[in-house]
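*Asks:* Got input_32.tsv for you, TSV, N, CA and C atoms:
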chain	number	residue	atom	x	y	z
Q	1	ILE	N	40.18	122.22	216.52
Q	1	ILE	CA	40.59	121.16	217.41
Q	1	ILE	C	41.15	121.79	218.67
Q	2	ALA	N	40.75	121.26	219.80
Q	2	ALA	CA	41.34	121.61	221.09
Q	2	ALA	C	41.69	120.29	221.76
Q	3	ILE	N	42.77	120.27	222.52
Q	3	ILE	CA	43.15	119.03	223.19
Q	3	ILE	C	43.36	119.31	224.67
Q	4	ILE	N	42.69	118.49	225.47
Q	4	ILE	CA	42.82	118.54	226.93
Q	4	ILE	C	43.39	117.20	227.37
Q	5	THR	N	44.41	117.24	228.20
Q	5	THR	CA	44.89	115.99	228.80
Q	5	THR	C	44.45	115.98	230.26
Q	6	VAL	N	44.12	114.80	230.75
Q	6	VAL	CA	43.76	114.63	232.17
Q	6	VAL	C	44.69	113.57	232.72
Q	7	GLN	N	45.56	114.03	233.59
Q	7	GLN	CA	46.58	113.14	234.10
Q	7	GLN	C	47.11	113.69	235.41
Q	8	GLY	N	47.45	112.79	236.31
Q	8	GLY	CA	47.94	113.25	237.61
Q	8	GLY	C	46.78	113.75	238.45
Q	9	VAL	N	46.80	115.05	238.77
Q	9	VAL	CA	45.73	115.61	239.61
Q	9	VAL	C	44.93	116.69	238.89
Q	10	GLU	N	45.27	116.96	237.61
Q	10	GLU	CA	44.60	118.07	236.94
Q	10	GLU	C	44.39	117.80	235.46
Q	11	ALA	N	43.61	118.68	234.88
Q	11	ALA	CA	43.43	118.70	233.43
Q	11	ALA	C	44.25	119.85	232.88
Q	12	LYS	N	44.83	119.63	231.70
Q	12	LYS	CA	45.62	120.68	231.06
Q	12	LYS	C	45.15	120.87	229.64
Q	13	LEU	N	44.97	122.12	229.27
Q	13	LEU	CA	44.65	122.46	227.90
Q	13	LEU	C	45.97	122.58	227.15
Q	14	ILE	N	46.28	121.59	226.32
Q	14	ILE	CA	47.57	121.63	225.63
Q	14	ILE	C	47.46	122.22	224.23
Q	15	VAL	N	46.24	122.27	223.68
Q	15	VAL	CA	46.01	122.94	222.41
Q	15	VAL	C	44.71	123.73	222.54
Q	16	HIS	N	44.83	125.06	222.47
Q	16	HIS	CA	43.64	125.90	222.43
Q	16	HIS	C	42.95	125.67	221.08
Q	17	PRO	N	41.66	125.99	220.98
Q	17	PRO	CA	40.97	125.76	219.70
Q	17	PRO	C	41.75	126.35	218.52
Q	18	THR	N	41.99	125.50	217.54
Q	18	THR	CA	42.77	125.89	216.36
Q	18	THR	C	42.32	125.07	215.17
Q	19	THR	N	42.63	125.56	213.99
Q	19	THR	CA	42.39	124.80	212.78
Q	19	THR	C	43.71	124.31	212.18
Q	20	SER	N	44.82	124.57	212.86
Q	20	SER	CA	46.14	124.19	212.37
Q	20	SER	C	46.48	122.76	212.77
Q	21	ILE	N	46.37	121.85	211.81
Q	21	ILE	CA	46.69	120.45	212.10
Q	21	ILE	C	48.17	120.29	212.40
Q	22	HIS	N	49.01	121.12	211.80
Q	22	HIS	CA	50.45	121.04	212.06
Q	22	HIS	C	50.76	121.38	213.52
Q	23	PHE	N	50.08	122.40	214.05
Q	23	PHE	CA	50.28	122.75	215.45
Q	23	PHE	C	49.80	121.63	216.36
Q	24	VAL	N	48.65	121.07	216.04
Q	24	VAL	CA	48.11	119.97	216.84
Q	24	VAL	C	49.09	118.79	216.85
Q	25	LEU	N	49.56	118.40	215.68
Q	25	LEU	CA	50.49	117.27	215.61
Q	25	LEU	C	51.77	117.56	216.38
Q	26	HIS	N	52.26	118.78	216.31
Q	26	HIS	CA	53.46	119.15	217.05
Q	26	HIS	C	53.22	119.03	218.56
Q	27	ARG	N	52.09	119.52	219.04
Q	27	ARG	CA	51.78	119.48	220.48
Q	27	ARG	C	51.55	118.05	220.96
Q	28	LEU	N	51.03	117.19	220.11
Q	28	LEU	CA	50.79	115.80	220.51
Q	28	LEU	C	52.09	115.05	220.80
Q	29	THR	N	53.19	115.51	220.26
Q	29	THR	CA	54.47	114.84	220.53
Q	29	THR	C	54.88	114.98	221.99
Q	30	SER	N	54.32	115.97	222.70
Q	30	SER	CA	54.69	116.17	224.10
Q	30	SER	C	53.75	115.48	225.08
Q	31	VAL	N	52.74	114.79	224.57
Q	31	VAL	CA	51.76	114.13	225.45
Q	31	VAL	C	52.31	112.80	225.93
Q	32	THR	N	52.27	112.60	227.25
Q	32	THR	CA	52.65	111.32	227.82
Q	32	THR	C	51.39	110.52	228.13
Q	33	VAL	N	51.53	109.23	228.18
Q	33	VAL	CA	50.38	108.35	228.40
Q	33	VAL	C	50.59	107.60	229.71
Q	34	GLY	N	49.48	107.39	230.43
Q	34	GLY	CA	49.53	106.61	231.66
Q	34	GLY	C	49.35	107.46	232.89
Q	35	GLY	N	49.11	106.80	233.99
Q	35	GLY	CA	48.96	107.49	235.27
Q	35	GLY	C	47.50	107.68	235.64
Q	36	ALA	N	47.30	108.38	236.73
Q	36	ALA	CA	45.97	108.64	237.25
Q	36	ALA	C	45.17	109.51	236.28
Q	37	THR	N	43.85	109.34	236.30
Q	37	THR	CA	43.00	110.07	235.37
Q	37	THR	C	41.90	110.82	236.12
Q	38	PRO	N	42.08	112.13	236.34
Q	38	PRO	CA	41.03	112.92	236.99
Q	38	PRO	C	39.98	113.38	235.97
Q	39	LEU	N	39.13	112.44	235.54
Q	39	LEU	CA	38.12	112.77	234.54
Q	39	LEU	C	37.22	113.92	234.99
Q	40	ASP	N	37.01	114.04	236.29
Q	40	ASP	CA	36.19	115.14	236.79
Q	40	ASP	C	36.80	116.48	236.39
Q	41	GLN	N	38.12	116.61	236.50
Q	41	GLN	CA	38.79	117.85	236.12
Q	41	GLN	C	38.69	118.09	234.61
Q	42	GLY	N	38.77	117.03	233.84
Q	42	GLY	CA	38.61	117.16	232.40
Q	42	GLY	C	37.22	117.63	232.02
Q	43	LEU	N	36.19	117.09	232.68
Q	43	LEU	CA	34.82	117.52	232.41
Q	43	LEU	C	34.61	118.98	232.79
Q	44	LEU	N	35.21	119.40	233.90
Q	44	LEU	CA	35.11	120.80	234.30
Q	44	LEU	C	35.76	121.70	233.25
Q	45	MET	N	36.90	121.28	232.71
Q	45	MET	CA	37.56	122.08	231.68
Q	45	MET	C	36.74	122.12	230.40
Q	46	VAL	N	36.13	121.00	230.02
Q	46	VAL	CA	35.27	121.00	228.83
Q	46	VAL	C	34.11	121.97	229.04
Q	47	GLY	N	33.53	121.97	230.23
Q	47	GLY	CA	32.45	122.92	230.52
Q	47	GLY	C	32.90	124.36	230.39
Q	48	ARG	N	34.10	124.67	230.92
Q	48	ARG	CA	34.64	126.03	230.80
Q	48	ARG	C	34.87	126.39	229.33
Q	49	MET	N	35.38	125.44	228.56
Q	49	MET	CA	35.63	125.71	227.14
Q	49	MET	C	34.33	125.94	226.38
Q	50	ILE	N	33.31	125.20	226.70
Q	50	ILE	CA	32.02	125.41	226.04
Q	50	ILE	C	31.52	126.82	226.33
Q	51	ARG	N	31.58	127.21	227.60
Q	51	ARG	CA	31.13	128.56	227.96
Q	51	ARG	C	31.95	129.63	227.23
Q	52	GLN	N	33.24	129.42	227.13
Q	52	GLN	CA	34.14	130.42	226.54
Q	52	GLN	C	34.07	130.45	225.01
Q	53	TRP	N	33.94	129.31	224.34
Q	53	TRP	CA	34.10	129.23	222.90
Q	53	TRP	C	32.84	128.92	222.12
Q	54	HIS	N	31.72	128.66	222.80
Q	54	HIS	CA	30.52	128.22	222.08
Q	54	HIS	C	30.04	129.24	221.04
Q	55	ASP	N	30.12	130.51	221.34
Q	55	ASP	CA	29.65	131.52	220.37
Q	55	ASP	C	30.50	131.50	219.10
Q	56	ARG	N	31.79	131.29	219.27
Q	56	ARG	CA	32.70	131.28	218.11
Q	56	ARG	C	32.65	129.94	217.37
Q	57	TYR	N	32.48	128.86	218.12
Q	57	TYR	CA	32.42	127.51	217.55
Q	57	TYR	C	31.12	126.84	217.99
Q	58	PRO	N	30.02	127.13	217.29
Q	58	PRO	CA	28.72	126.60	217.75
Q	58	PRO	C	28.56	125.09	217.55
Q	59	VAL	N	29.36	124.49	216.68
Q	59	VAL	CA	29.29	123.04	216.48
Q	59	VAL	C	30.53	122.42	217.12
Q	60	ILE	N	30.31	121.69	218.20
Q	60	ILE	CA	31.41	121.11	218.96
Q	60	ILE	C	31.21	119.60	219.04
Q	61	ASP	N	32.26	118.87	218.69
Q	61	ASP	CA	32.27	117.43	218.87
Q	61	ASP	C	33.29	117.10	219.95
Q	62	LEU	N	33.09	116.03	220.68
Q	62	LEU	CA	33.95	115.65	221.78
Q	62	LEU	C	34.40	114.21	221.61
Q	63	ILE	N	35.71	114.00	221.67
Q	63	ILE	CA	36.26	112.65	221.67
Q	63	ILE	C	37.08	112.48	222.93
Q	64	VAL	N	36.78	111.45	223.70
Q	64	VAL	CA	37.51	111.16	224.93
Q	64	VAL	C	38.18	109.80	224.76
Q	65	ILE	N	39.48	109.75	224.97
Q	65	ILE	CA	40.20	108.49	224.95
Q	65	ILE	C	40.51	108.15	226.40
Q	66	SER	N	39.77	107.19	226.94
Q	66	SER	CA	39.89	106.84	228.35
Q	66	SER	C	39.23	105.50	228.62
Q	67	ASP	N	39.70	104.85	229.67
Q	67	ASP	CA	39.03	103.62	230.11
Q	67	ASP	C	37.84	103.94	231.01
Q	68	GLY	N	37.61	105.22	231.27
Q	68	GLY	CA	36.44	105.64	232.04
Q	68	GLY	C	36.61	105.62	233.54
Q	69	ARG	N	37.78	105.21	234.02
Q	69	ARG	CA	38.01	105.21	235.47
Q	69	ARG	C	38.56	106.57	235.88
Q	70	SER	N	37.89	107.20	236.84
Q	70	SER	CA	38.28	108.54	237.28
Q	70	SER	C	38.81	108.50	238.70
Q	71	THR	N	39.85	109.30	238.96
Q	71	THR	CA	40.37	109.40	240.31
Q	71	THR	C	39.57	110.40	241.14
Q	72	GLY	N	38.75	111.20	240.50
Q	72	GLY	CA	37.92	112.18	241.20
Q	72	GLY	C	36.45	111.84	241.04
Q	73	SER	N	35.64	112.45	241.87
Q	73	SER	CA	34.20	112.18	241.86
Q	73	SER	C	33.52	112.81	240.66
Q	74	LEU	N	32.73	112.01	239.97
Q	74	LEU	CA	31.94	112.52	238.85
Q	74	LEU	C	30.55	112.95	239.32
Q	75	ALA	N	30.30	112.86	240.62
Q	75	ALA	CA	29.01	113.23	241.19
Q	75	ALA	C	29.03	114.63	241.81
Q	76	ASP	N	30.15	115.33	241.73
Q	76	ASP	CA	30.29	116.68	242.27
Q	76	ASP	C	29.30	117.62	241.58
Q	77	LEU	N	28.81	118.64	242.30
Q	77	LEU	CA	27.83	119.58	241.73
Q	77	LEU	C	28.41	120.34	240.54
Q	78	ASN	N	29.67	120.75	240.61
Q	78	ASN	CA	30.28	121.47	239.50
Q	78	ASN	C	30.43	120.56	238.27
Q	79	VAL	N	30.76	119.31	238.50
Q	79	VAL	CA	30.86	118.35	237.40
Q	79	VAL	C	29.47	118.14	236.79
Q	80	SER	N	28.44	118.06	237.63
Q	80	SER	CA	27.07	117.91	237.13
Q	80	SER	C	26.68	119.09	236.24
Q	81	ALA	N	27.09	120.30	236.63
Q	81	ALA	CA	26.81	121.49	235.81
Q	81	ALA	C	27.54	121.40	234.47
Q	82	ALA	N	28.78	120.91	234.49
Q	82	ALA	CA	29.54	120.75	233.25
Q	82	ALA	C	28.87	119.69	232.36
Q	83	LEU	N	28.36	118.63	232.97
Q	83	LEU	CA	27.67	117.59	232.20
Q	83	LEU	C	26.43	118.13	231.50
Q	84	VAL	N	25.71	119.04	232.16
Q	84	VAL	CA	24.54	119.67	231.53
Q	84	VAL	C	24.97	120.42	230.27
Q	85	LEU	N	26.06	121.18	230.37
Q	85	LEU	CA	26.56	121.91	229.21
Q	85	LEU	C	27.01	120.95	228.10
Q	86	ILE	N	27.69	119.89	228.48
Q	86	ILE	CA	28.16	118.92	227.50
Q	86	ILE	C	26.98	118.29	226.76
Q	87	ARG	N	25.98	117.87	227.51
Q	87	ARG	CA	24.82	117.24	226.88
Q	87	ARG	C	24.04	118.23	226.01
Q	88	LYS	N	24.07	119.51	226.38
Q	88	LYS	CA	23.31	120.52	225.64
Q	88	LYS	C	24.04	121.00	224.38
Q	89	PHE	N	25.36	121.20	224.46
Q	89	PHE	CA	26.07	121.87	223.38
Q	89	PHE	C	26.99	120.98	222.54
Q	90	ILE	N	27.26	119.78	222.97
Q	90	ILE	CA	28.11	118.89	222.18
Q	90	ILE	C	27.25	118.18	221.15
Q	91	ARG	N	27.63	118.33	219.88
Q	91	ARG	CA	26.84	117.70	218.81
Q	91	ARG	C	27.01	116.19	218.81
Q	92	GLU	N	28.25	115.73	218.80
Q	92	GLU	CA	28.56	114.30	218.82
Q	92	GLU	C	29.64	114.06	219.86
Q	93	ALA	N	29.50	113.00	220.62
Q	93	ALA	CA	30.51	112.64	221.61
Q	93	ALA	C	30.85	111.16	221.44
Q	94	LEU	N	32.12	110.87	221.64
Q	94	LEU	CA	32.61	109.51	221.48
Q	94	LEU	C	33.63	109.22	222.57
Q	95	VAL	N	33.49	108.08	223.22
Q	95	VAL	CA	34.48	107.60	224.18
Q	95	VAL	C	35.17	106.41	223.55
Q	96	ILE	N	36.48	106.51	223.41
Q	96	ILE	CA	37.28	105.40	222.88
Q	96	ILE	C	38.06	104.81	224.04
Q	97	ASN	N	37.80	103.56	224.33
Q	97	ASN	CA	38.46	102.87	225.43
Q	97	ASN	C	39.70	102.13	224.92
Q	98	PRO	N	40.89	102.54	225.36
Q	98	PRO	CA	42.09	101.85	224.89
Q	98	PRO	C	42.40	100.56	225.65
Q	99	ILE	N	41.64	100.30	226.74
Q	99	ILE	CA	41.91	99.14	227.59
Q	99	ILE	C	40.66	98.27	227.67
Q	100	PRO	N	40.51	97.30	226.78
Q	100	PRO	CA	39.28	96.51	226.72
Q	100	PRO	C	38.87	95.85	228.04
Q	101	ILE	N	39.82	95.53	228.90
Q	101	ILE	CA	39.47	94.87	230.16
Q	101	ILE	C	38.63	95.78	231.06
Q	102	ALA	N	38.72	97.09	230.88
Q	102	ALA	CA	37.97	98.05	231.70
Q	102	ALA	C	36.73	98.56	230.98
Q	103	ASP	N	36.18	97.77	230.08
Q	103	ASP	CA	35.12	98.24	229.22
Q	103	ASP	C	33.86	98.69	229.96
Q	104	ARG	N	33.54	98.08	231.07
Q	104	ARG	CA	32.31	98.50	231.78
Q	104	ARG	C	32.44	99.91	232.31
Q	105	PHE	N	33.65	100.32	232.72
Q	105	PHE	CA	33.85	101.69	233.18
Q	105	PHE	C	33.68	102.67	232.02
Q	106	ALA	N	34.27	102.35	230.87
Q	106	ALA	CA	34.18	103.21	229.70
Q	106	ALA	C	32.74	103.35	229.23
Q	107	LYS	N	31.99	102.25	229.25
Q	107	LYS	CA	30.59	102.31	228.83
Q	107	LYS	C	29.77	103.18	229.78
Q	108	THR	N	30.03	103.05	231.08
Q	108	THR	CA	29.33	103.88	232.07
Q	108	THR	C	29.66	105.35	231.87
Q	109	PHE	N	30.95	105.65	231.64
Q	109	PHE	CA	31.36	107.03	231.41
Q	109	PHE	C	30.73	107.58	230.14
Q	110	ALA	N	30.72	106.79	229.07
Q	110	ALA	CA	30.11	107.22	227.82
Q	110	ALA	C	28.63	107.56	228.02
Q	111	SER	N	27.94	106.73	228.76
Q	111	SER	CA	26.53	106.98	229.05
Q	111	SER	C	26.36	108.28	229.84
Q	112	LEU	N	27.25	108.52	230.76
Q	112	LEU	CA	27.19	109.73	231.60
Q	112	LEU	C	27.28	111.00	230.77
Q	113	ILE	N	28.13	111.00	229.74
Q	113	ILE	CA	28.29	112.21	228.93
Q	113	ILE	C	27.45	112.19	227.65
Q	114	GLY	N	26.67	111.14	227.47
Q	114	GLY	CA	25.82	111.04	226.29
Q	114	GLY	C	26.59	110.72	225.03
Q	115	ALA	N	27.60	109.87	225.17
Q	115	ALA	CA	28.50	109.56	224.05
Q	115	ALA	C	28.30	108.14	223.54
Q	116	ARG	N	28.73	107.94	222.29
Q	116	ARG	CA	28.86	106.58	221.78
Q	116	ARG	C	30.13	106.01	222.37
Q	117	HIS	N	30.25	104.69	222.36
Q	117	HIS	CA	31.38	104.02	222.97
Q	117	HIS	C	32.02	103.07	221.96
Q	118	LEU	N	33.35	103.14	221.89
Q	118	LEU	CA	34.12	102.21	221.07
Q	118	LEU	C	35.26	101.67	221.91
Q	119	THR	N	35.62	100.43	221.65
Q	119	THR	CA	36.81	99.85	222.29
Q	119	THR	C	37.89	99.74	221.23
Q	120	ALA	N	39.06	100.30	221.53
Q	120	ALA	CA	40.19	100.23	220.59
Q	120	ALA	C	40.83	98.84	220.73
Q	121	GLU	N	40.77	98.10	219.68
Q	121	GLU	CA	41.36	96.75	219.69
Q	121	GLU	C	42.22	96.58	218.47
Take the structure from the file and write it as structure tokens.
*Replies:*
Amino acid sequence: IAIITVQGVEAKLIVHPTTSIHFVLHRLTSVTVGGATPLDQGLLMVGRMIRQWHDRYPVIDLIVISDGRSTGSLADLNVSAALVLIRKFIREALVINPIPIADRFAKTFASLIGARHLTAE
């Protein structure tokens, strides 16, 4: 499990790839919710992680909890390169939308990364 948060103006890797559920649960206690969502920065970080960790972890699943609205451009060339890696190396992807009113954004984002879409209700 690795956890990336996207909030404010950047993405942060708060849990490097680990199999320790206790460490993950401990780190999740420090995660705050709300604010701007630079999904572009998150996608760039996922691309970097794939490049760095794919040999060690060849089976990668991706879960994104977001309403799909990004404060940054998802059409950037670097983001497009990250999307190619995501579509190529991610086995399963899922976008969980916590805000049902923004469902069209989440569905569009899920389609962009080749993910299934669920609305948390």
*Asks:* Looking at Q:Ile3, Q:Val24, Q:Ala93, Q:Leu85, which one is nearest to Arg116 in chain Q, with distances taken over all atoms listed in the file?
*Replies:*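 Using all atoms listed in the file, Arg116 in chain Q sits closest to Q:Ala93.
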*Asks:* Quick one: pull the distance between atom N of Ala36 in chain Q and CA of His54 in chain Q, Å, one decimal.
*Replies:* 29.8 Å
*Asks:* Using all atoms listed in the file, which of Q:Glu10, Q:Met45, Q:Ile90, Q:Ser66 sits nearest Phe105 in chain Q?
*Replies:*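 The closest residue to Phe105 in chain Q is Q:Ser66.
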*Asks:* Grab the atom C of Val9 in chain Q to CA of Leu44 in chain Q distance for me, in Å with one decimal place.
*Replies:*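 Separating atom C of Val9 in chain Q from CA of Leu44 in chain Q is a distance of 11.6 Å.
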*Asks:* What is the distance between atom C of Thr18 in chain Q and CA of Leu43 in chain Q, in Å to one decimal?
*Replies:*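 Taking atom C of Thr18 in chain Q as the start and CA of Leu43 in chain Q as the end point, the length is 20.3 Å.
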*Asks:* Measuring atom to atom with only N, CA and C atoms, identify which of Q:Leu112, Q:Val64, Q:Val59, Q:Val79 is nearest to Asn97 in chain Q.
*Replies:*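 Closest candidate: Q:Val64.
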*Asks:* Just want the 7 Å neighbourhood of Ile113 in chain Q, counted on only N, CA and C atoms, with same-chain residues fewer than 5 positions away dropped. Output as a list in words.
*Replies:*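 In the requested form, the answer reads Leu83, Ile86, Arg87, Ala93 and Thr108 of chain Q.
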*Asks:* Which protein, DNA or RNA residues have an atom at most 12 Å from (44.9, 114.3, 234.4), counting only C-alpha atoms? List them as a short mmCIF file (atom, residue, chain, number, x, y, z; two decimals) with N, CA and C atoms, in the coordinates of the input.
*Replies:*
data_model
loop_
_atom_site.label_atom_id
_atom_site.label_comp_id
_atom_site.auth_asym_id
_atom_site.auth_seq_id
_atom_site.Cartn_x
_atom_site.Cartn_y
_atom_site.Cartn_z
N ILE Q 4 42.69 118.49 225.47
CA ILE Q 4 42.82 118.54 226.93
C ILE Q 4 43.39 117.20 227.37
N THR Q 5 44.41 117.24 228.20
CA THR Q 5 44.89 115.99 228.80
C THR Q 5 44.45 115.98 230.26
N VAL Q 6 44.12 114.80 230.75
CA VAL Q 6 43.76 114.63 232.17
C VAL Q 6 44.69 113.57 232.72
N GLN Q 7 45.56 114.03 233.59
CA GLN Q 7 46.58 113.14 234.10
C GLN Q 7 47.11 113.69 235.41
N GLY Q 8 47.45 112.79 236.31
CA GLY Q 8 47.94 113.25 237.61
C GLY Q 8 46.78 113.75 238.45
N VAL Q 9 46.80 115.05 238.77
CA VAL Q 9 45.73 115.61 239.61
C VAL Q 9 44.93 116.69 238.89
N GLU Q 10 45.27 116.96 237.61
CA GLU Q 10 44.60 118.07 236.94
C GLU Q 10 44.39 117.80 235.46
N ALA Q 11 43.61 118.68 234.88
CA ALA Q 11 43.43 118.70 233.43
C ALA Q 11 44.25 119.85 232.88
N LYS Q 12 44.83 119.63 231.70
CA LYS Q 12 45.62 120.68 231.06
C LYS Q 12 45.15 120.87 229.64
N LEU Q 13 44.97 122.12 229.27
CA LEU Q 13 44.65 122.46 227.90
C LEU Q 13 45.97 122.58 227.15
N ILE Q 14 46.28 121.59 226.32
CA ILE Q 14 47.57 121.63 225.63
C ILE Q 14 47.46 122.22 224.23
N VAL Q 31 52.74 114.79 224.57
CA VAL Q 31 51.76 114.13 225.45
C VAL Q 31 52.31 112.80 225.93
N THR Q 32 52.27 112.60 227.25
CA THR Q 32 52.65 111.32 227.82
C THR Q 32 51.39 110.52 228.13
N VAL Q 33 51.53 109.23 228.18
CA VAL Q 33 50.38 108.35 228.40
C VAL Q 33 50.59 107.60 229.71
N GLY Q 34 49.48 107.39 230.43
CA GLY Q 34 49.53 106.61 231.66
C GLY Q 34 49.35 107.46 232.89
N GLY Q 35 49.11 106.80 233.99
CA GLY Q 35 48.96 107.49 235.27
C GLY Q 35 47.50 107.68 235.64
N ALA Q 36 47.30 108.38 236.73
CA ALA Q 36 45.97 108.64 237.25
C ALA Q 36 45.17 109.51 236.28
N THR Q 37 43.85 109.34 236.30
CA THR Q 37 43.00 110.07 235.37
C THR Q 37 41.90 110.82 236.12
N PRO Q 38 42.08 112.13 236.34
CA PRO Q 38 41.03 112.92 236.99
C PRO Q 38 39.98 113.38 235.97
N LEU Q 39 39.13 112.44 235.54
CA LEU Q 39 38.12 112.77 234.54
C LEU Q 39 37.22 113.92 234.99
N ASP Q 40 37.01 114.04 236.29
CA ASP Q 40 36.19 115.14 236.79
C ASP Q 40 36.80 116.48 236.39
N GLN Q 41 38.12 116.61 236.50
CA GLN Q 41 38.79 117.85 236.12
C GLN Q 41 38.69 118.09 234.61
N GLY Q 42 38.77 117.03 233.84
CA GLY Q 42 38.61 117.16 232.40
C GLY Q 42 37.22 117.63 232.02
N LEU Q 43 36.19 117.09 232.68
CA LEU Q 43 34.82 117.52 232.41
C LEU Q 43 34.61 118.98 232.79
N LEU Q 44 35.21 119.40 233.90
CA LEU Q 44 35.11 120.80 234.30
C LEU Q 44 35.76 121.70 233.25
N MET Q 45 36.90 121.28 232.71
CA MET Q 45 37.56 122.08 231.68
C MET Q 45 36.74 122.12 230.40
N SER Q 66 39.77 107.19 226.94
CA SER Q 66 39.89 106.84 228.35
C SER Q 66 39.23 105.50 228.62
N ARG Q 69 37.78 105.21 234.02
CA ARG Q 69 38.01 105.21 235.47
C ARG Q 69 38.56 106.57 235.88
N SER Q 70 37.89 107.20 236.84
CA SER Q 70 38.28 108.54 237.28
C SER Q 70 38.81 108.50 238.70
N THR Q 71 39.85 109.30 238.96
CA THR Q 71 40.37 109.40 240.31
C THR Q 71 39.57 110.40 241.14
N GLY Q 72 38.75 111.20 240.50
CA GLY Q 72 37.92 112.18 241.20
C GLY Q 72 36.45 111.84 241.04
#
*Asks:* Hey, what does DSSP flag as helix (DSSP H, G or I) within range 6-113 of chain Q? Can you give it to me as number ranges by chain?
*Replies:* Q: 21-28, 39-53, 77-89, 100-113
*Asks:* Considering only C-alpha atoms, state which residue in the set Q:Ile63, Q:Ala82, Q:Ile1, Q:Val95 is at the smallest distance from Val46 in chain Q.
*Replies:* Q:Ala82
*Asks:* What are the DSSP strand (DSSP E or B) residues of chain Q, as a PyMOL selection string?
*Replies:* chain Q and resi 3-7+10-15+60-65+90-97+116-119
*Asks:* Determine the nearest neighbour of Ile60 in chain Q from the options Q:Ser80, Q:Gly47, Q:Leu28, Q:Phe89, counting only N, CA and C atoms.
*Replies:*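 Nearest to Ile60 in chain Q: Q:Phe89.
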*Asks:* Do a neighbour search on Pro100 in chain Q at 8 Å with only N, CA and C atoms, toss out local chain neighbours closer than 6 positions, and write the hits as a PDB file with N, CA and C atoms, in the frame of the given file.
*Replies:*
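This went into around.pdb:
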ATOM      1  N   ASP Q  67      39.700 104.850 229.670  1.00  0.00           N
ATOM      2  CA  ASP Q  67      39.030 103.620 230.110  1.00  0.00           C
ATOM      3  C   ASP Q  67      37.840 103.940 231.010  1.00  0.00           C
ATOM      4  N   THR Q 119      35.620 100.430 221.650  1.00  0.00           N
ATOM      5  CA  THR Q 119      36.810  99.850 222.290  1.00  0.00           C
ATOM      6  C   THR Q 119      37.890  99.740 221.230  1.00  0.00           C
ATOM      7  N   ALA Q 120      39.060 100.300 221.530  1.00  0.00           N
ATOM      8  CA  ALA Q 120      40.190 100.230 220.590  1.00  0.00           C
ATOM      9  C   ALA Q 120      40.830  98.840 220.730  1.00  0.00           C
ATOM     10  N   GLU Q 121      40.770  98.100 219.680  1.00  0.00           N
ATOM     11  CA  GLU Q 121      41.360  96.750 219.690  1.00  0.00           C
ATOM     12  C   GLU Q 121      42.220  96.580 218.470  1.00  0.00           C
TER      13      GLU Q 121
END
